[in-house]
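Novice: Take this structure first; my questions come after.
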Amino acid sequence: MTQDAESIYNEYMSKLKQVMPNVDPGLVHQIIYLERKLTNEDMNEPDVSAIIEYKSGIDVDVKMNGLREKYSLEVEHGDKQGVLHVMGRMKIGDIQKIAADMDIVKITGKADPTYGE
């Protein structure tokens with residue numbers, strides 16, 4: 001990579017972090033990339049597998065039910081206390097709405113065009 005390409009990439013990732021500070025910019029990039037790549041497909045929402053970490057003391061069962069009801073996602077408890085594993089087809093707007101929850105510390109994960117198939 002040339003220095004110019006690296007600085008453009010670093011600036012891009014920094015701007016993604018500014019837009020959604022509690023979401024891994026790599027995940028944001030993956031979702032945006034796949035949304036564009038899948039535009040002409042029947043199923044144009046990427047499959048996302050995300051780990052959501054909440055602030056200490058938050059009732060994650062309430063958060064779990066809210067994510068299931070509002071976004072129709074598969075949600076289960078994570079390996080640690082205060083962590084949920086969320087799976088489902090999502091666009092970047094969905095992640096942005098979820099990340100707006102002030103109780104979320106961070107969201108990490110991955111996006112695939114056909115996760116689980």
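Labels used: A, B, ... for chains in the order of the structure tokens, numbers from 1 for residues in each chain, and numbers from 1 for ligands as shown.
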Which residues are close to region 25-27 of chain A, i.e. within 8 Å by only C-alpha atoms, leaving aside same-chain residues fewer than 6 positions away? Reply as a list in words.
Specialist: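 So the residues in contact are Met13, Ser14, Leu16, Lys17, Thr108, Gly109, Lys110 and Ala111 of chain A.
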Novice: Create the file for the chosen residues now, containing N, CA, C and O atoms and written as a CSV table (one decimal), in the first residue's frame.
Specialist:
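Dumped to out12.csv:
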chain,number,residue,atom,x,y,z
A,13,MET,N,-11.8,5.1,8.1
A,13,MET,CA,-12.1,4.4,9.3
A,13,MET,C,-12.4,5.3,10.5
A,13,MET,O,-13.3,5.1,11.3
A,14,SER,N,-11.6,6.4,10.6
A,14,SER,CA,-11.8,7.4,11.6
A,14,SER,C,-13.1,8.1,11.5
A,14,SER,O,-13.8,8.3,12.5
A,16,LEU,N,-15.8,6.7,10.1
A,16,LEU,CA,-16.9,5.8,10.5
A,16,LEU,C,-17.0,5.7,12.0
A,16,LEU,O,-18.1,5.6,12.5
A,17,LYS,N,-15.9,5.8,12.7
A,17,LYS,CA,-15.8,5.8,14.2
A,17,LYS,C,-16.5,7.0,14.7
A,17,LYS,O,-17.2,6.9,15.8
A,108,THR,N,-19.3,-5.2,18.3
A,108,THR,CA,-18.3,-5.8,17.4
A,108,THR,C,-19.0,-6.9,16.6
A,108,THR,O,-20.1,-7.3,16.9
A,109,GLY,N,-18.3,-7.5,15.6
A,109,GLY,CA,-18.9,-8.6,14.9
A,109,GLY,C,-18.4,-8.7,13.5
A,109,GLY,O,-17.4,-8.1,13.1
A,110,LYS,N,-19.3,-9.4,12.7
A,110,LYS,CA,-18.9,-9.6,11.3
A,110,LYS,C,-20.2,-9.6,10.5
A,110,LYS,O,-21.3,-9.9,11.0
A,111,ALA,N,-20.1,-9.3,9.2
A,111,ALA,CA,-21.2,-9.4,8.3
A,111,ALA,C,-20.8,-10.3,7.1
A,111,ALA,O,-19.6,-10.2,6.6
Novice: Hey, what does DSSP flag as strand (DSSP E or B) within region 14-101 of chain A? Can you give it to me as a list in words?
Specialist: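 Here is the list: Val23, Asp47, Val48, Ser49, Ala50, Ile51, Ile52, Glu53, Tyr54, Glu74, Val75, Glu76, His77, Val83, Leu84, His85, Val86, Met87, Gly88 and Arg89 of chain A.
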Novice: Do you know which residues are at most 7 Å from Asp112 (chain A) counting only C-alpha atoms, after dropping those on the same chain fewer than 6 positions away, and could you put them as a list in words?
Specialist: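 My list of contacting residues is Pro46, Asp47 and Val48 of chain A.
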Novice: Please write the residues from the selection above to a file, keeping N, CA, C and O atoms, as an mmCIF file, in the first residue's frame.
Specialist:
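Wrote out.cif, looks like this:
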data_model
loop_
_atom_site.group_PDB
_atom_site.id
_atom_site.type_symbol
_atom_site.label_atom_id
_atom_site.label_comp_id
_atom_site.auth_asym_id
_atom_site.auth_seq_id
_atom_site.Cartn_x
_atom_site.Cartn_y
_atom_site.Cartn_z
ATOM 1 N N PRO A 46 -27.209 -7.855 4.436
ATOM 2 C CA PRO A 46 -26.155 -8.760 4.912
ATOM 3 C C PRO A 46 -26.586 -9.486 6.186
ATOM 4 O O PRO A 46 -27.363 -8.959 6.981
ATOM 5 N N ASP A 47 -26.079 -10.689 6.353
ATOM 6 C CA ASP A 47 -26.256 -11.419 7.607
ATOM 7 C C ASP A 47 -25.199 -10.919 8.570
ATOM 8 O O ASP A 47 -24.010 -10.934 8.259
ATOM 9 N N VAL A 48 -25.639 -10.477 9.733
ATOM 10 C CA VAL A 48 -24.731 -9.903 10.723
ATOM 11 C C VAL A 48 -24.743 -10.767 11.981
ATOM 12 O O VAL A 48 -25.803 -11.187 12.445
#
Novice: May I have the residues within 9 Å of Lys106 (chain A) as a PyMOL selection string, using only C-alpha atoms and disregarding those fewer than 4 positions away in the same chain?
Specialist: chain A and resi 21-24+51-54+99
Novice: Determine, counting only C-alpha atoms, which protein, DNA and RNA residues have an atom within 8 Å of an atom of region 84-88 of chain A; residues of the same chain fewer than 2 positions away are not included. Present the result as a VMD selection string.
Specialist: chain A and resid 47 to 53 60 64 72 to 78 82 90
Novice: How many Å lie between CA of Glu45 (chain A) and CA of Asp103 (chain A), rounded to one decimal?
Specialist: 25.8 Å
Novice: If you measure from CA of Asn40 (chain A) to CA of Tyr12 (chain A), what distance in Å do you get, rounded to one decimal?
Specialist: 25.5 Å
Novice: Which value, in Å to one decimal, gives the distance between CA of Leu67 (chain A) and CA of Gln81 (chain A)?
Specialist: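 Interatomic distance here is 17.2 Å.
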Novice: Taking into account only C-alpha atoms, which residue in the set A:Gln3, A:Thr39, A:Asn44, A:Ser56 is nearest to Ile104 (chain A)?
Specialist: A:Ser56
Novice: Between A:Ile8, A:Ile32, A:Val62, A:Met43, which is the closest to Asp94 (chain A) once you count only C-alpha atoms?
Specialist: A:Ile32
Novice: Using only C-alpha atoms, find the one residue out of A:Thr114, A:Asp101, A:Tyr33, A:Lys15 that sits nearest to Gly66 (chain A).
Specialist: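 That would be A:Asp101, the residue with the smallest distance to Gly66 (chain A).
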Novice: Would you mind telling me which residue in A:Met20, A:Glu11, A:Asp4, A:Lys55 lies nearest to Ala100 (chain A) when using only C-alpha atoms?
Specialist: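 Among the listed residues, the smallest separation from Ala100 (chain A) belongs to A:Met20.
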